[in-house]
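Structure file final_8.pdb; described as PDB, C-alpha atoms.
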```
ATOM      1  CA  LEU A   1     149.955  67.130-127.394
ATOM      2  CA  ASN A   2     147.241  69.779-127.346
ATOM      3  CA  ASP A   3     148.228  71.067-130.797
ATOM      4  CA  THR A   4     145.075  69.719-132.407
ATOM      5  CA  SER A   5     146.318  70.257-135.969
ATOM      6  CA  ALA A   6     149.572  68.289-135.766
ATOM      7  CA  PRO A   7     149.542  64.735-137.152
ATOM      8  CA  VAL A   8     150.089  61.790-134.807
ATOM      9  CA  ALA A   9     152.557  58.946-135.425
ATOM     10  CA  PHE A  10     153.433  55.886-133.348
ATOM     11  CA  PHE A  11     156.818  54.474-132.501
ATOM     12  CA  GLY A  12     156.241  50.728-132.358
ATOM     13  CA  VAL A  13     158.075  48.694-129.701
ATOM     14  CA  PRO A  14     157.597  44.938-130.251
ATOM     15  CA  LYS A  15     154.992  43.224-128.055
ATOM     16  CA  ALA A  16     154.110  46.422-126.180
ATOM     17  CA  ALA A  17     150.378  46.681-126.915
ATOM     18  CA  THR A  18     151.058  48.993-129.865
ATOM     19  CA  ARG A  19     148.038  47.887-131.893
ATOM     20  CA  SER A  20     145.678  48.419-128.952
ATOM     21  CA  PHE A  21     147.363  51.754-128.251
ATOM     22  CA  ILE A  22     146.896  52.906-131.830
ATOM     23  CA  GLN A  23     143.193  52.067-131.718
ATOM     24  CA  ASP A  24     142.597  53.921-128.448
ATOM     25  CA  ALA A  25     144.712  56.910-129.455
ATOM     26  CA  THR A  26     142.824  57.098-132.749
ATOM     27  CA  ASN A  27     139.620  57.463-130.747
ATOM     28  CA  ILE A  28     141.175  60.464-129.010
ATOM     29  CA  PHE A  29     142.838  62.226-131.942
ATOM     30  CA  GLY A  30     140.627  61.154-134.843
ATOM     31  CA  ALA A  31     141.574  58.894-137.722
ATOM     32  CA  GLU A  32     142.331  61.835-140.018
ATOM     33  CA  LEU A  33     145.369  62.822-137.895
ATOM     34  CA  VAL A  34     146.773  59.355-137.243
ATOM     35  CA  MET A  35     149.647  58.229-139.447
ATOM     36  CA  GLY A  36     151.412  54.882-139.852
ATOM     37  CA  GLY A  37     150.294  51.274-139.996
ATOM     38  CA  ALA A  38     148.762  48.926-137.460
ATOM     39  CA  HIS A  39     152.114  48.212-135.778
ATOM     40  CA  GLY A  40     153.549  51.717-135.686
ATOM     41  CA  GLU A  41     156.746  52.962-137.275
ATOM     42  CA  ARG A  42     160.169  52.068-135.973
ATOM     43  CA  CYS A  43     162.189  55.219-136.594
ATOM     44  CA  SER A  44     159.412  57.700-137.132
ATOM     45  CA  TYR A  45     160.876  60.273-134.746
ATOM     46  CA  ARG A  46     163.539  61.180-137.320
ATOM     47  CA  GLN A  47     160.807  62.406-139.633
ATOM     48  CA  ASP A  48     158.677  63.688-136.778
ATOM     49  CA  VAL A  49     161.264  66.252-135.691
ATOM     50  CA  GLU A  50     161.182  67.722-139.168
ATOM     51  CA  SER A  51     157.431  67.481-139.755
ATOM     52  CA  GLN A  52     156.395  68.373-136.178
ATOM     53  CA  ARG A  53     154.373  65.213-135.760
ATOM     54  CA  ARG A  54     153.343  64.132-132.314
ATOM     55  CA  THR A  55     154.954  60.724-131.753
ATOM     56  CA  LEU A  56     153.481  58.346-129.198
ATOM     57  CA  THR A  57     155.123  55.250-127.723
ATOM     58  CA  MET A  58     154.113  52.389-125.444
ATOM     59  CA  VAL A  59     156.727  50.423-123.481
ATOM     60  CA  ARG A  60     156.477  47.133-121.589
ATOM     61  CA  GLU A  61     158.181  45.717-118.502
ATOM     62  CA  PRO A  62     161.292  43.954-119.879
ATOM     63  CA  VAL A  63     160.848  40.519-118.264
ATOM     64  CA  SER A  64     157.252  40.384-119.460
ATOM     65  CA  LEU A  65     158.384  41.537-122.909
ATOM     66  CA  VAL A  66     160.960  38.766-123.185
ATOM     67  CA  GLN A  67     158.351  36.201-122.164
ATOM     68  CA  ALA A  68     155.921  37.547-124.756
ATOM     69  CA  LEU A  69     158.554  37.269-127.470
ATOM     70  CA  TYR A  70     159.112  33.604-126.686
ATOM     71  CA  TYR A  71     155.429  32.722-126.757
ATOM     72  CA  HIS A  72     154.984  34.732-129.921
ATOM     73  CA  CYS A  73     157.727  32.676-131.558
ATOM     74  CA  ALA A  74     156.781  29.311-130.055
ATOM     75  CA  THR A  75     152.986  29.389-130.241
ATOM     76  CA  GLY A  76     151.948  32.338-132.411
ATOM     77  CA  GLU A  77     149.378  31.618-135.083
ATOM     78  CA  ASN A  78     150.451  31.829-138.704
ATOM     79  CA  GLU A  79     154.007  32.903-137.903
ATOM     80  CA  PHE A  80     157.080  31.848-139.871
ATOM     81  CA  LEU A  81     160.122  30.614-138.005
ATOM     82  CA  GLY A  82     161.897  30.792-141.368
ATOM     83  CA  GLY A  83     165.530  30.915-142.279
ATOM     84  CA  GLN A  84     168.347  28.769-140.936
ATOM     85  CA  SER A  85     169.580  28.911-137.349
ATOM     86  CA  LYS A  86     172.242  27.205-135.256
ATOM     87  CA  LYS A  87     169.711  25.951-132.687
ATOM     88  CA  GLN A  88     166.080  24.988-132.830
ATOM     89  CA  LEU A  89     163.553  26.834-130.719
ATOM     90  CA  PRO A  90     163.328  25.040-127.330
ATOM     91  CA  SER A  91     160.004  23.656-126.158
ATOM     92  CA  THR A  92     160.011  25.634-122.895
ATOM     93  CA  PHE A  93     160.576  29.269-122.000
ATOM     94  CA  GLU A  94     163.098  28.277-119.322
ATOM     95  CA  GLU A  95     165.299  26.390-121.794
ATOM     96  CA  TRP A  96     165.082  29.255-124.271
ATOM     97  CA  VAL A  97     166.227  31.753-121.639
ATOM     98  CA  GLU A  98     169.107  29.501-120.560
ATOM     99  CA  ASP A  99     170.267  29.125-124.151
ATOM    100  CA  TRP A 100     170.128  32.850-124.846
ATOM    101  CA  ALA A 101     171.823  33.665-121.533
ATOM    102  CA  GLY A 102     174.635  31.297-122.466
ATOM    103  CA  ALA A 103     174.978  32.944-125.855
ATOM    104  CA  VAL A 104     175.138  36.390-124.251
ATOM    105  CA  ASP A 105     177.819  35.228-121.791
ATOM    106  CA  ALA A 106     179.874  33.777-124.633
ATOM    107  CA  ALA A 107     179.519  36.965-126.683
ATOM    108  CA  LEU A 108     180.493  39.184-123.756
ATOM    109  CA  ALA A 109     183.524  37.001-123.031
ATOM    110  CA  ALA A 110     184.643  37.213-126.660
ATOM    111  CA  ASN A 111     184.239  40.979-126.662
ATOM    112  CA  ALA A 112     186.174  41.347-123.407
ATOM    113  CA  ALA A 113     189.037  39.234-124.724
ATOM    114  CA  GLY A 114     189.103  40.938-128.089
ATOM    115  CA  ARG A 115     188.336  37.671-129.872
ATOM    116  CA  LYS A 116     186.156  37.129-132.896
ATOM    117  CA  CYS A 117     182.530  36.478-132.151
ATOM    118  CA  PRO A 118     181.923  32.693-131.988
ATOM    119  CA  ALA A 119     180.358  31.565-135.252
ATOM    120  CA  ASN A 120     177.619  29.595-133.502
ATOM    121  CA  ILE A 121     176.180  32.711-131.825
ATOM    122  CA  LYS A 122     177.187  35.636-134.046
ATOM    123  CA  HIS A 123     174.290  35.259-136.478
ATOM    124  CA  ARG A 124     171.230  33.034-136.623
ATOM    125  CA  PHE A 125     171.590  31.608-133.118
ATOM    126  CA  MET A 126     167.878  30.823-132.939
ATOM    127  CA  PRO A 127     164.891  31.309-135.208
ATOM    128  CA  CYS A 128     162.235  34.021-134.986
ATOM    129  CA  VAL A 129     163.761  36.953-133.113
ATOM    130  CA  ASP A 130     166.785  38.159-131.161
ATOM    131  CA  PRO A 131     165.332  39.029-127.714
ATOM    132  CA  VAL A 132     168.317  40.775-126.081
ATOM    133  CA  ASP A 133     167.471  44.304-124.878
ATOM    134  CA  THR A 134     164.627  44.714-127.348
ATOM    135  CA  LEU A 135     163.475  48.114-126.057
ATOM    136  CA  THR A 136     166.961  49.609-126.206
ATOM    137  CA  TYR A 137     167.488  48.138-129.660
ATOM    138  CA  ALA A 138     164.283  49.614-131.031
ATOM    139  CA  LEU A 139     164.909  53.041-129.515
ATOM    140  CA  THR A 140     168.409  53.286-130.954
ATOM    141  CA  CYS A 141     166.868  52.834-134.373
ATOM    142  CA  ARG A 142     168.717  49.721-135.448
ATOM    143  CA  GLY A 143     167.662  47.546-138.363
ATOM    144  CA  SER A 144     164.906  45.035-137.734
ATOM    145  CA  ARG A 145     165.931  41.947-135.774
ATOM    146  CA  SER A 146     162.776  40.002-136.479
ATOM    147  CA  LEU A 147     163.544  36.832-138.363
ATOM    148  CA  GLU A 148     160.007  35.475-138.242
ATOM    149  CA  TYR A 149     158.881  36.629-141.672
ATOM    150  CA  GLN A 150     161.718  35.057-143.580
ATOM    151  CA  THR A 151     160.959  32.379-146.063
ATOM    152  CA  ARG A 152     162.314  28.909-145.503
ATOM    153  CA  ARG A 153     164.853  29.449-148.265
ATOM    154  CA  PRO A 154     168.601  29.359-147.508
ATOM    155  CA  TRP A 155     170.098  32.517-146.084
ATOM    156  CA  PRO A 156     172.096  34.880-148.284
ATOM    157  CA  PRO A 157     175.908  34.559-148.086
ATOM    158  CA  GLU A 158     177.615  35.615-144.869
ATOM    159  CA  GLY A 159     179.316  38.457-146.723
ATOM    160  CA  SER A 160     176.043  40.243-147.438
ATOM    161  CA  ARG A 161     176.137  43.737-145.990
ATOM    162  CA  GLY A 162     173.397  45.926-144.612
ATOM    163  CA  ALA A 163     170.319  44.908-142.649
ATOM    164  CA  ARG A 164     167.797  45.575-145.368
ATOM    165  CA  ARG A 165     164.606  43.876-146.460
ATOM    166  CA  GLU A 166     163.965  42.603-149.945
ATOM    167  CA  THR A 167     160.755  41.452-151.538
ATOM    168  CA  ILE A 168     160.930  38.015-153.047
ATOM    169  CA  LYS A 169     159.755  37.765-156.629
ATOM    170  CA  GLY A 170     156.169  36.656-156.888
ATOM    171  CA  GLY A 171     155.309  37.428-153.281
ATOM    172  CA  ASP A 172     155.316  40.021-150.549
ATOM    173  CA  VAL A 173     157.197  38.080-147.860
ATOM    174  CA  PRO A 174     160.376  39.976-146.919
ATOM    175  CA  THR A 175     163.686  38.367-146.106
ATOM    176  CA  LEU A 176     166.298  39.833-143.788
ATOM    177  CA  VAL A 177     169.494  40.032-145.822
ATOM    178  CA  ASN A 178     171.942  40.435-142.959
ATOM    179  CA  PRO A 179     170.841  38.991-139.592
ATOM    180  CA  PRO A 180     171.864  40.723-136.351
ATOM    181  CA  ASP A 181     175.392  40.359-134.972
ATOM    182  CA  LEU A 182     174.992  39.481-131.291
ATOM    183  CA  CYS A 183     178.533  40.418-130.239
ATOM    184  CA  LYS A 184     178.394  43.751-132.021
ATOM    185  CA  TRP A 185     175.048  44.600-130.471
ATOM    186  CA  LEU A 186     176.244  43.784-126.953
ATOM    187  CA  ASP A 187     179.286  45.993-127.522
ATOM    188  CA  THR A 188     177.311  48.963-128.815
ATOM    189  CA  ARG A 189     174.227  49.009-126.563
ATOM    190  CA  ASP A 190     173.547  52.520-125.309
ATOM    191  CA  ALA A 191     170.864  52.911-122.666
ATOM    192  CA  ALA A 192     171.456  56.664-122.393
ATOM    193  CA  ARG A 193     170.859  57.105-126.100
ATOM    194  CA  ALA A 194     167.709  54.989-125.895
ATOM    195  CA  ALA A 195     166.412  57.021-122.955
ATOM    196  CA  ALA A 196     167.140  60.264-124.796
ATOM    197  CA  ARG A 197     165.187  59.045-127.809
ATOM    198  CA  LEU A 198     162.311  58.102-125.518
ATOM    199  CA  ASP A 199     162.346  61.614-124.061
ATOM    200  CA  ARG A 200     161.815  62.982-127.573
ATOM    201  CA  GLN A 201     158.443  61.280-127.858
ATOM    202  CA  ALA A 202     155.387  63.446-127.306
ATOM    203  CA  PHE A 203     153.942  60.801-124.994
ATOM    204  CA  VAL A 204     155.146  57.494-123.529
ATOM    205  CA  GLY A 205     152.688  55.036-122.046
ATOM    206  CA  VAL A 206     153.357  51.902-120.019
ATOM    207  CA  ALA A 207     151.657  48.615-120.870
ATOM    208  CA  GLU A 208     151.412  47.601-117.198
ATOM    209  CA  LEU A 209     149.538  50.875-116.621
ATOM    210  CA  TYR A 210     147.667  50.775-119.881
ATOM    211  CA  ASP A 211     144.347  52.255-118.776
ATOM    212  CA  GLU A 212     146.099  54.950-116.772
ATOM    213  CA  SER A 213     148.277  55.763-119.787
ATOM    214  CA  ILE A 214     145.226  56.322-121.976
ATOM    215  CA  CYS A 215     143.640  58.477-119.276
ATOM    216  CA  VAL A 216     146.724  60.700-119.044
ATOM    217  CA  LEU A 217     146.920  60.944-122.818
ATOM    218  CA  GLU A 218     143.287  61.986-123.104
ATOM    219  CA  TYR A 219     143.608  64.550-120.311
ATOM    220  CA  ALA A 220     146.786  66.008-121.863
ATOM    221  CA  THR A 221     145.090  66.230-125.243
ATOM    222  CA  THR A 222     141.619  67.456-124.340
ATOM    223  CA  GLY A 223     142.022  68.927-120.857
ATOM    224  CA  LYS A 224     139.231  66.642-119.663
ATOM    225  CA  LEU A 225     139.421  63.484-117.577
ATOM    226  CA  PRO A 226     136.766  60.893-118.460
ATOM    227  CA  ASP A 227     134.706  59.662-115.525
ATOM    228  CA  THR A 228     135.842  56.112-116.218
ATOM    229  CA  CYS A 229     139.404  57.159-115.392
ATOM    230  CA  ARG A 230     138.414  57.555-111.754
ATOM    231  CA  CYS A 231     139.092  54.484-109.643
ATOM    232  CA  GLU A 232     135.498  54.271-108.458
ATOM    233  CA  ASN A 233     134.373  53.930-112.074
ATOM    234  CA  ARG A 234     137.149  51.620-113.207
ATOM    235  CA  ALA A 235     134.795  48.727-113.990
ATOM    236  CA  ALA A 236     133.124  50.833-116.689
ATOM    237  CA  ARG A 237     136.321  51.420-118.672
ATOM    238  CA  THR A 238     136.307  50.196-122.255
ATOM    239  CA  ARG A 239     139.676  50.010-123.943
ATOM    240  CA  SER A 240     140.815  48.316-127.112
ATOM    241  CA  LYS A 241     142.239  44.883-126.406
ATOM    242  CA  VAL A 242     143.678  43.352-129.556
ATOM    243  CA  ALA A 243     143.465  39.585-129.115
ATOM    244  CA  LYS A 244     146.696  37.675-128.584
ATOM    245  CA  HIS A 245     147.536  34.998-131.103
ATOM    246  CA  SER A 246     149.783  32.966-128.826
ATOM    247  CA  ALA A 247     149.332  30.575-125.918
ATOM    248  CA  PRO A 248     148.315  32.078-122.549
ATOM    249  CA  HIS A 249     151.223  33.133-120.367
ATOM    250  CA  ASP A 250     151.824  35.305-117.332
ATOM    251  CA  VAL A 251     154.948  36.856-115.880
ATOM    252  CA  SER A 252     154.029  35.399-112.474
ATOM    253  CA  GLN A 253     154.786  31.950-113.922
ATOM    254  CA  ILE A 254     158.488  32.782-114.273
ATOM    255  CA  GLY A 255     160.701  31.233-111.579
ATOM    256  CA  ASN A 256     163.328  33.243-109.716
ATOM    257  CA  ALA A 257     166.304  31.646-111.475
ATOM    258  CA  THR A 258     164.854  32.245-114.926
ATOM    259  CA  ARG A 259     163.829  35.793-114.012
ATOM    260  CA  HIS A 260     167.384  36.493-112.856
ATOM    261  CA  LEU A 261     168.809  35.330-116.178
ATOM    262  CA  VAL A 262     166.353  37.507-118.090
ATOM    263  CA  GLU A 263     167.105  40.575-115.979
ATOM    264  CA  THR A 264     170.897  40.200-116.072
ATOM    265  CA  ARG A 265     171.483  38.756-119.554
ATOM    266  CA  MET A 266     168.531  39.531-121.811
ATOM    267  CA  ALA A 267     167.189  42.823-120.453
ATOM    268  CA  ALA A 268     170.061  44.378-118.522
ATOM    269  CA  PHE A 269     169.910  47.675-120.420
ATOM    270  CA  ASP A 270     166.137  47.679-120.918
ATOM    271  CA  GLN A 271     165.448  47.686-117.180
ATOM    272  CA  GLY A 272     166.689  51.229-116.590
ATOM    273  CA  VAL A 273     165.037  52.612-119.717
ATOM    274  CA  TYR A 274     161.706  51.100-118.702
ATOM    275  CA  GLU A 275     161.912  52.243-115.066
ATOM    276  CA  SER A 276     162.596  55.793-116.213
ATOM    277  CA  ALA A 277     159.567  55.741-118.512
ATOM    278  CA  LYS A 278     157.362  54.300-115.761
ATOM    279  CA  ALA A 279     158.513  56.905-113.225
ATOM    280  CA  THR A 280     157.760  59.700-115.691
ATOM    281  CA  LEU A 281     154.269  58.354-116.366
ATOM    282  CA  ILE A 282     153.500  57.950-112.653
ATOM    283  CA  GLU A 283     154.564  61.554-112.079
ATOM    284  CA  LYS A 284     152.196  62.665-114.842
ATOM    285  CA  ILE A 285     149.398  60.643-113.273
ATOM    286  CA  ARG A 286     150.015  62.369-109.954
ATOM    287  CA  VAL A 287     149.790  65.744-111.686
ATOM    288  CA  VAL A 288     146.448  64.748-113.225
ATOM    289  CA  GLU A 289     145.209  63.557-109.835
ATOM    290  CA  ALA A 290     146.265  66.820-108.193
ATOM    291  CA  LYS A 291     144.541  68.925-110.831
ATOM    292  CA  THR A 292     141.314  66.930-110.969
ATOM    293  CA  GLY A 293     140.984  65.572-107.432
ATOM    294  CA  ALA A 294     140.507  62.107-108.939
ATOM    295  CA  HIS A 295     142.222  58.871-107.990
ATOM    296  CA  VAL A 296     143.558  57.372-111.226
ATOM    297  CA  LEU A 297     146.142  54.904-109.897
ATOM    298  CA  CYS A 298     144.172  52.144-108.280
ATOM    299  CA  VAL A 299     145.714  48.721-108.922
ATOM    300  CA  GLY A 300     147.980  46.732-106.611
ATOM    301  CA  ASP A 301     151.528  48.002-106.224
ATOM    302  CA  TYR A 302     150.739  50.891-108.556
ATOM    303  CA  SER A 303     147.891  52.200-106.421
ATOM    304  CA  ALA A 304     148.082  55.757-105.153
ATOM    305  CA  GLU A 305     148.261  54.482-101.570
ATOM    306  CA  ALA A 306     151.139  52.087-102.282
ATOM    307  CA  LEU A 307     153.121  54.645-104.226
ATOM    308  CA  ARG A 308     152.769  57.235-101.475
ATOM    309  CA  ALA A 309     153.725  54.772 -98.721
TER     310      ALA A 309
END
```

Once you've parsed the file, please lay out its structure as structure tokens.
Amino acid sequence: LNDTSAPVAFFGVPKAATRSFIQDATNIFGAELVMGGAHGERCSYRQDVESQRRTLTMVREPVSLVQALYYHCATGENEFLGGQSKKQLPSTFEEWVEDWAGAVDAALAANAAGRKCPANIKHRFMPCVDPVDTLTYALTCRGSRSLEYQTRRPWPPEGSRGARRETIKGGDVPTLVNPPDLCKWLDTRDAARAAARLDRQAFVGVAELYDESICVLEYATTGKLPDTCRCENRAARTRSKVAKHSAPHDVSQIGNATRHLVETRMAAFDQGVYESAKATLIEKIRVVEAKTGAHVLCVGDYSAEALRA
């Protein structure tokens, strides 16, 4: 990170504060070194290894991420639901989770029995996005699963091969030629591979410890810890907060039954990947605290006192 001449790229995980992260990291590294668009690049590490870029990533707690995906799809401003799907988007998060959990169970049962994937869940189960193990999916460099930017035209034939994007004549709205195969994804998920790819990033922040992540990044880059990173000066922190364009929501609103379905059906592989990233960041924060004598962790269950208890 302290190689001040190397360019900086971002690996974008959906709904993980990537746009805010890019803005704050740009303030640290300078705009002339920052590469990529406002949402980051999905498989940038392949090029980064060759070009010696410093690749930065932000991850988000999986249950919160799944909730954010639903509200993005259900209430996001100026979003396309586009394309055809077997089911309509439910009006509540709880119904949406139940439907997706049922689809996952059916897909797993088909895989276990060696049967063909049921046609009603294989492709196009619901509009907008496939929310199953989103972090693992992104980190294993699969094709985009976002269906939100499709036009409302009919889908291409089922036989179309390759998850590629095409530009429609007369416009710049892409269409996903081959939507994700739920059964195939569940059969090929690889948390170890995702974790290994995460380890190859120059820095991994955690959205739930966003301010602390930026503090560690700045210290690792400059060797200096800003005064506002100290707990006693926390109120003076100014970070980029890109406004949400969806209805207000909070992970504390999720009931136990719904949370269980998310954890066991929709984020089973993401949980371990996220916990590993969080543990690594907390260890880096402790190193910064030891070197500077500052208290950087200062919020709730993540406070220095709670973590040392």

| request: Compare A:Arg237, A:His295, A:Arg54, A:Lys116 by their minimum atom-to-atom distance to Ala25 of chain A, counting all atoms listed in the file, and give me the closest one. | output: A:Arg54

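Shortest atom-to-atom contact with Leu139 of chain A among A:Gly223, A:Pro248, A:Pro7, A:Gly12: A:Gly12, counting all atoms listed in the file.
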
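Considering all atoms listed in the file, the residue among A:Met266, A:Tyr274, A:Ala257, A:Gly76 positioned nearest to Leu198 of chain A is A:Tyr274.
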
| request: Would you kindly return, as a ChimeraX atom specification, each protein, DNA or RNA residue with an atom no farther than 10 Å from any atom of segment 107-110 of chain A, considering only C-alpha atoms and excluding same-chain residues fewer than 6 positions away? | output: /A:101,116-118,121-122,181-187,265

| said: For Ala195 of chain A, find every residue with an atom within 12 Å (counting only C-alpha atoms), except residues of its own chain fewer than 6 positions away, and show them as a ChimeraX atom specification. | reply: /A:59,135-140,189,201,204,269-278,280

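Taking atom CA of Asn27 of chain A and atom CA of Ala196 of chain A as the two end points, the separation is 28.3 Å.
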
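In this structure, atom CA of Ala31 of chain A sits 14.9 Å away from atom CA of Thr221 of chain A.
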
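Of the residues under consideration (A:Gly205, A:Pro62, A:Ser246, A:Trp96), A:Gly205 shows the shortest atom-to-atom contact distance to Ile22 of chain A when counting all atoms listed in the file.
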
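Here atom CA of Thr75 of chain A is placed at a distance of 24.7 Å from atom CA of Val206 of chain A.
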
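Of the listed residues A:Ser20, A:Ser5, A:Ser64, A:Thr57, the one whose atoms come nearest to Ser252 of chain A is A:Ser64, with distances taken using only C-alpha atoms.
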
| For this file, the PyMOL selection byres ((chain A and resi 262) around 12) selects which residues, as a PyMOL selection string? | chain A and resi 61-67+70+93-102+104+131-134+251+254-261+263-271

Just the selected residues (C-alpha atoms), exported as a CSV table (one decimal), in the frame of the given file, please.
```csv
chain,number,residue,atom,x,y,z
A,61,GLU,CA,158.2,45.7,-118.5
A,62,PRO,CA,161.3,44.0,-119.9
A,63,VAL,CA,160.8,40.5,-118.3
A,64,SER,CA,157.3,40.4,-119.5
A,65,LEU,CA,158.4,41.5,-122.9
A,66,VAL,CA,161.0,38.8,-123.2
A,67,GLN,CA,158.4,36.2,-122.2
A,70,TYR,CA,159.1,33.6,-126.7
A,93,PHE,CA,160.6,29.3,-122.0
A,94,GLU,CA,163.1,28.3,-119.3
A,95,GLU,CA,165.3,26.4,-121.8
A,96,TRP,CA,165.1,29.3,-124.3
A,97,VAL,CA,166.2,31.8,-121.6
A,98,GLU,CA,169.1,29.5,-120.6
A,99,ASP,CA,170.3,29.1,-124.2
A,100,TRP,CA,170.1,32.8,-124.8
A,101,ALA,CA,171.8,33.7,-121.5
A,102,GLY,CA,174.6,31.3,-122.5
A,104,VAL,CA,175.1,36.4,-124.3
A,131,PRO,CA,165.3,39.0,-127.7
A,132,VAL,CA,168.3,40.8,-126.1
A,133,ASP,CA,167.5,44.3,-124.9
A,134,THR,CA,164.6,44.7,-127.3
A,251,VAL,CA,154.9,36.9,-115.9
A,254,ILE,CA,158.5,32.8,-114.3
A,255,GLY,CA,160.7,31.2,-111.6
A,256,ASN,CA,163.3,33.2,-109.7
A,257,ALA,CA,166.3,31.6,-111.5
A,258,THR,CA,164.9,32.2,-114.9
A,259,ARG,CA,163.8,35.8,-114.0
A,260,HIS,CA,167.4,36.5,-112.9
A,261,LEU,CA,168.8,35.3,-116.2
A,263,GLU,CA,167.1,40.6,-116.0
A,264,THR,CA,170.9,40.2,-116.1
A,265,ARG,CA,171.5,38.8,-119.6
A,266,MET,CA,168.5,39.5,-121.8
A,267,ALA,CA,167.2,42.8,-120.5
A,268,ALA,CA,170.1,44.4,-118.5
A,269,PHE,CA,169.9,47.7,-120.4
A,270,ASP,CA,166.1,47.7,-120.9
A,271,GLN,CA,165.4,47.7,-117.2
```

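In this comparison, which uses all atoms listed in the file, the residue of A:Cys298, A:Leu69, A:Val8, A:Val216 approaching Glu232 of chain A most closely is A:Cys298.
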
| task | Around the point (148.9, 55.8, -118.1), in the coordinates given by the file, pick out the residues reaching within 12 Å, counting all atoms listed in the file, and return them as a VMD selection string. | result | chain A and resid 21 57 to 59 203 to 220 229 277 to 289 296 to 298 302
